[in-house]
Amino acid sequence: MKRPIEQFGEINDKYIKEADPARTNSPIFKRAAIFAAACLLVLLTSVNLFLFIPYDTSPPDVSQYSDSDYYEIIKMLNDASYKKPKYKNNFESICGTLLNGLRTKNDMSLGFDVVVDEAVDANGNAGEDYFYTSDEYSEKYVETTDNQVAGVIEADIIKRSNEHVYYLNDSTLLVYTLNGKDSELATSYDMSKALNEDGIYLNGAEMFLSSDCKTVTVIAPYFLKIKLEGGSRAYAGIDIISIDVSDLSDVKVSHTATINGAYVGARSTNGKLLLISCYEIPSDYTFEEEESFIPTYYVDDETHTIPAESIVIPEKLTSKSYTVVSMLDEKSLKLESANAMLSYSSEVYITTERVYATYSYTKTKELVTLSEVRSITDISALSYSGGELVFLGTATVNGYIKDQYSLDEYKDVLRVVTTTNDRKEKIDTSYSSNMISVLSEQKTSASLYCIDADTFKIISSVEYFAPIGETVRSVRFDGDIAYVCTAVQATDPVFFFDLSDVNNITYKDTGNIEGFSSSLVNFGDGLLLGIGEGARSDVLKLEVYAENEDSVESLAKIEINGCGFSRIYKSYFIDRELSIIGIATNDFSKNTHYYYSHYRLFRYDSEGLSEILVCDIPTCDDPGKVRAVYEDGYIYVFSNEGFTVKEIALEVPRA
Amino acid sequence: MKGLLIVGGEVVTDKEIVSLYLERNENAILQTDKKYSKYCFSIAKRILHSIQDTEECVNDTFVRAWNSIPPNVPERLDLFLGKLTRNVALNRYMHDKAQKRNSETDCVISELEQILPDTTADGDLICDDILIRDIFNDFLKSLPFSQRRVFVQRYFYMLSIRDIAKNNAMSVSAVKQTLLRSREKLRSRLAKEGVII
């Protein structure tokens, strides 16, 4: 009989084995392992939380401003300003930073204020009207600018009367006499001497000449840097300067006004000056101060923000800038009304009663495996005929607008030509589940819309009429006819649309033609002149088109090779009665390896399109600054380098 | 003796050693000594506490292993030798009562015998080693791992309280408490089985 201690020796081997003191399954190690595992678990949990907790993607709360008249704008700016984190969590952020590096962004803030000074003369006297009555004066106004809308005069760097030409060389007004070979500079006036020493006038000044030819109103954009505590701030502004030119020996400023913002364009119509500017919201704006994010203007030394009801806001912001329309009295330069459109573009079309502004954005439709993205444009109308800018309504069309010539209002129908841009995007992870590539199928074409100008509803349309891949290069409306040029790169068809019955729109085209027209000019008698490029961008091409029974045909064409020329429509001299076109070119000489500037006149007659004059002019860098006037057998060419007079007798071509 | 059998210049596996025993190859003892002398030594020393007695005990263990394999064919040679060493050491300890008693070993033995005396109160022998063995196994099975490990280290491996505490990262008092509770459980189990009253 064994003793208990011996009997205990017969226990199951597995209990003996697990209790072996020499085995590594030591409680110490076990506890250490458990402790280490616990620590590791805590660490992993913490790291996971740090790395993978998703970032908060909601913008800051601005409900505290709900009482503000501008609350809708505040919400919109808040959402637009809030940048969703680029990455979803810290893990993606760290990986992305390591892979992509850091990016920086520069932001220049521009302030906006509208300051309208009381009408003062150069001596500081206020109140008197310096405009003379026309019967005391023999000078007569002659229109030089080929305005888009009759009766709505566009500002330009050249204006004229029957006796003088007024040419704006940036901030210097030059007045020439029109006297054939005896023409001379009558006077000049430098506006920059009146500008703050911290400011400079920028290129892009334009002007109007009053109908009595006694006042030149210059719209001069400037740049001003103001020193502040801790740094400086840059302002873009627009000086509006009325210059009395009734006595050329004593040219003086009669009125001034200032609008801060970037100059876009100006129109003069029915005694009103419509100034289009762009107000960029500064980066340091705060909702606490409405003046920091709402365009303002001064009246009687008081600052006023444009009322909320005078601000058009879109559904979503595509930019933090306003297109501002200011209506001033043309004589006194007093601000009568102002309206702002948030996120709108600078392409503005102005009729005798309305201002149309456009806002382009994209609309995305999510499908199962891909997204459809489409360019859309809202066209908003303001009325100014009642002496006040009033919002009327908005129409929406597919595509985007090229320029002001893409819109035209005729017989209460707004016609619009757009470049449509539809694309499909698909997320493709077939290459790697860790990589996402976007397959994009893009289709551009052109569309024409007819919109009821009262209801802003589309009456009819012709969509996607251009070959896929083409974009609108130029548009011209002429009554019931619309001319559209589309192109891919160096070939274009030109379309003629018959809009006489908007419910039955028909069109013809030329088929593919080499080159494309950046400007289309209705040349009268059913003729269309296209000004643009040939097979290359250094080939100036002029081509005349006419409509035949089945299509559009090219009647005549002329090309000038190896030259630079401007695409600015206002730089072309067009005389429909004489059937001539004038364009400045910069031509490269292979002999001297130098550029020389010329002014070329072309004429279309029964014999076709021909170059009738090549005139040497002082070499200038920018052909877009060259303007020409024809008067009594002389062509006068003006540039920022001087002026040239050339005799050329022209008669109205025979039919 | 047959010549030394060295396979690959390394100590052979347990299976190969057992095969040597079965072949009556005296190399089996050499390999056993090479692989398990330290193991057997540690078991024996905890009981005997004398180096000389321990060495002798280990030698006896190897002899007994030679004599018992075959017929025994142990699956786990280490555990077989461990039990053999323990038994040899205990036998030696109990026969050396007068001269070489050790208080620690006495304590271990007496602790267990307080629960399970080898005779009844009436002086009758408590027999049936198999029954006791089964009861021990069932009892150990019912214990949580940590308690079981402590109990077996105490009453099989004959570790001191201090060594058990160190080996299990416990305090001495915790080991004592664990052993006390475990013995109570064993007592209850034995009473339930009718082995003791």
# chains A, B, ... in the order shown; residues from 1 in each chain; ligands from 1
>>> interface_residues(of="chain B", to="chain A", cutoff="7 Å", atoms="only C-alpha atoms", output="JSON, numbers by chain")
{"B": [79, 83, 87, 109, 112, 113, 116, 118, 127, 129, 133, 136, 137, 149, 152, 153, 155, 156, 167, 168, 169]}
>>> residues_around(residues="Tyr263 (chain A)", least_positions_apart="6", cutoff="9 Å", atoms="only C-alpha atoms", output="JSON, numbers by chain")
{"A": [204, 205, 219, 220, 221, 222, 236, 237, 238, 275, 276, 277, 278]}
>>> residues_around(residues="region 618-625 of chain A", least_positions_apart="2", cutoff="9 Å", atoms="only C-alpha atoms", output="count of residues only")
28
>>> residues_around(residues="region 464-474 of chain A", least_positions_apart="2", cutoff="9 Å", atoms="only C-alpha atoms", output="number ranges by chain")
A: 401-403, 405-406, 417-421, 442-448, 462, 476, 483-489, 492-493, 495, 516-520, 530
>>> write_last_selection(atoms="N, CA, C and O atoms", output="CSV table (one decimal), in the first residue's frame")
chain,number,residue,atom,x,y,z
A,401,ILE,N,-21.3,79.4,-72.2
A,401,ILE,CA,-21.3,80.5,-73.2
A,401,ILE,C,-19.8,80.9,-73.5
A,401,ILE,O,-19.0,81.0,-72.6
A,402,LYS,N,-19.6,81.2,-74.8
A,402,LYS,CA,-18.2,81.7,-75.1
A,402,LYS,C,-18.1,83.2,-74.8
A,402,LYS,O,-17.1,83.5,-74.2
A,403,ASP,N,-18.9,84.0,-75.3
A,403,ASP,CA,-18.8,85.5,-75.0
A,403,ASP,C,-20.1,86.1,-75.2
A,403,ASP,O,-21.2,85.5,-75.4
A,405,TYR,N,-21.3,87.7,-77.6
A,405,TYR,CA,-22.0,87.5,-78.9
A,405,TYR,C,-22.7,86.2,-79.0
A,405,TYR,O,-23.5,86.0,-80.0
A,406,SER,N,-22.7,85.4,-78.0
A,406,SER,CA,-23.4,84.1,-78.0
A,406,SER,C,-24.9,84.4,-77.6
A,406,SER,O,-25.6,83.4,-77.6
A,417,VAL,N,-26.4,80.6,-77.9
A,417,VAL,CA,-25.6,79.4,-78.5
A,417,VAL,C,-24.6,79.0,-77.4
A,417,VAL,O,-23.9,79.9,-76.9
A,418,THR,N,-24.5,77.8,-77.2
A,418,THR,CA,-23.6,77.3,-76.2
A,418,THR,C,-22.7,76.2,-76.7
A,418,THR,O,-23.1,75.5,-77.7
A,419,THR,N,-21.6,76.0,-76.1
A,419,THR,CA,-20.8,74.7,-76.3
A,419,THR,C,-21.3,73.8,-75.2
A,419,THR,O,-21.2,74.1,-74.0
A,420,THR,N,-21.8,72.6,-75.7
A,420,THR,CA,-22.2,71.6,-74.7
A,420,THR,C,-21.0,70.8,-74.3
A,420,THR,O,-20.2,70.5,-75.2
A,421,ASN,N,-21.0,70.4,-73.1
A,421,ASN,CA,-19.9,69.6,-72.6
A,421,ASN,C,-20.4,68.5,-71.7
A,421,ASN,O,-20.6,68.7,-70.5
A,442,GLN,N,-15.7,62.2,-73.0
A,442,GLN,CA,-16.2,63.6,-73.1
A,442,GLN,C,-16.7,63.9,-74.5
A,442,GLN,O,-16.1,63.5,-75.5
A,443,LYS,N,-17.8,64.5,-74.5
A,443,LYS,CA,-18.4,64.9,-75.8
A,443,LYS,C,-18.8,66.4,-75.7
A,443,LYS,O,-19.6,66.8,-74.9
A,444,THR,N,-18.1,67.1,-76.7
A,444,THR,CA,-18.5,68.5,-76.8
A,444,THR,C,-19.2,68.7,-78.1
A,444,THR,O,-18.9,68.0,-79.1
A,445,SER,N,-20.1,69.6,-78.1
A,445,SER,CA,-20.8,69.9,-79.4
A,445,SER,C,-21.4,71.3,-79.2
A,445,SER,O,-20.9,72.1,-78.3
A,446,ALA,N,-22.4,71.7,-80.0
A,446,ALA,CA,-22.9,73.0,-79.8
A,446,ALA,C,-24.5,72.9,-79.9
A,446,ALA,O,-25.0,72.0,-80.5
A,447,SER,N,-25.1,73.8,-79.2
A,447,SER,CA,-26.6,73.9,-79.1
A,447,SER,C,-27.0,75.3,-79.2
A,447,SER,O,-26.3,76.2,-78.9
A,448,LEU,N,-28.2,75.4,-79.8
A,448,LEU,CA,-28.9,76.7,-79.9
A,448,LEU,C,-30.2,76.7,-79.2
A,448,LEU,O,-31.0,75.7,-79.4
A,462,VAL,N,-32.1,73.6,-80.8
A,462,VAL,CA,-31.4,72.7,-81.7
A,462,VAL,C,-30.2,72.3,-81.0
A,462,VAL,O,-29.2,73.0,-80.8
A,476,ARG,N,-22.6,85.0,-84.3
A,476,ARG,CA,-23.1,86.4,-84.7
A,476,ARG,C,-24.6,86.2,-85.0
A,476,ARG,O,-25.0,85.3,-85.8
A,483,TYR,N,-25.4,83.0,-87.1
A,483,TYR,CA,-24.2,82.4,-87.7
A,483,TYR,C,-23.3,81.8,-86.5
A,483,TYR,O,-23.1,82.5,-85.6
A,484,VAL,N,-23.0,80.6,-86.7
A,484,VAL,CA,-22.2,79.9,-85.7
A,484,VAL,C,-21.0,79.2,-86.3
A,484,VAL,O,-21.2,78.5,-87.3
A,485,CYS,N,-19.8,79.4,-85.8
A,485,CYS,CA,-18.6,78.7,-86.2
A,485,CYS,C,-18.2,77.8,-85.1
A,485,CYS,O,-18.0,78.3,-84.0
A,486,THR,N,-18.1,76.6,-85.4
A,486,THR,CA,-17.5,75.6,-84.4
A,486,THR,C,-16.2,75.0,-85.0
A,486,THR,O,-16.0,75.0,-86.2
A,487,ALA,N,-15.4,74.5,-84.1
A,487,ALA,CA,-14.2,73.9,-84.6
A,487,ALA,C,-13.6,72.9,-83.6
A,487,ALA,O,-13.9,73.0,-82.4
A,488,VAL,N,-12.8,72.0,-84.0
A,488,VAL,CA,-12.0,71.2,-83.1
A,488,VAL,C,-10.7,71.8,-82.9
A,488,VAL,O,-10.4,72.4,-81.9
A,489,GLN,N,-9.8,71.9,-83.9
A,489,GLN,CA,-8.6,72.6,-83.8
A,489,GLN,C,-8.4,73.5,-85.0
A,489,GLN,O,-8.4,74.7,-84.9
A,492,ASP,N,-13.2,74.0,-89.4
A,492,ASP,CA,-14.5,74.4,-88.8
A,492,ASP,C,-15.6,74.3,-89.9
A,492,ASP,O,-15.4,74.5,-91.1
A,493,PRO,N,-16.8,74.0,-89.4
A,493,PRO,CA,-17.9,74.3,-90.2
A,493,PRO,C,-18.5,75.6,-89.8
A,493,PRO,O,-18.4,76.0,-88.6
A,495,PHE,N,-22.2,77.5,-89.6
A,495,PHE,CA,-23.6,77.1,-89.6
A,495,PHE,C,-24.4,78.4,-89.8
A,495,PHE,O,-24.1,79.4,-89.2
A,516,PHE,N,-10.6,78.3,-88.7
A,516,PHE,CA,-11.8,78.6,-88.1
A,516,PHE,C,-11.9,80.2,-87.9
A,516,PHE,O,-10.9,80.8,-87.9
A,517,SER,N,-13.1,80.6,-87.6
A,517,SER,CA,-13.3,82.1,-87.5
A,517,SER,C,-13.5,82.4,-86.0
A,517,SER,O,-14.3,81.8,-85.3
A,518,SER,N,-12.6,83.3,-85.5
A,518,SER,CA,-12.8,83.7,-84.1
A,518,SER,C,-13.8,84.8,-84.0
A,518,SER,O,-14.3,85.1,-82.9
A,519,SER,N,-14.1,85.5,-85.1
A,519,SER,CA,-15.1,86.5,-85.2
A,519,SER,C,-15.9,86.3,-86.4
A,519,SER,O,-15.4,86.1,-87.5
A,520,LEU,N,-17.2,86.5,-86.3
A,520,LEU,CA,-18.1,86.5,-87.5
A,520,LEU,C,-18.7,87.9,-87.6
A,520,LEU,O,-19.2,88.5,-86.6
A,530,GLY,N,-15.9,85.9,-92.0
A,530,GLY,CA,-15.3,85.2,-90.9
A,530,GLY,C,-13.9,85.7,-90.8
A,530,GLY,O,-13.1,85.7,-91.8
>>> closest_residue(among="A:Ile558, A:Ile459, A:Ile313, A:Ile158", to="Val416 (chain A)", atoms="only C-alpha atoms")
A:Ile459
>>> residues_around(residues="region 35-51 of chain A", least_positions_apart="6", cutoff="10 Å", atoms="only C-alpha atoms", output="number ranges by chain")
A: 29, 88-94
>>> atom_distance(atom1="CA of Arg154 (chain B)", atom2="CA of Leu179 (chain B)")
8.3 Å
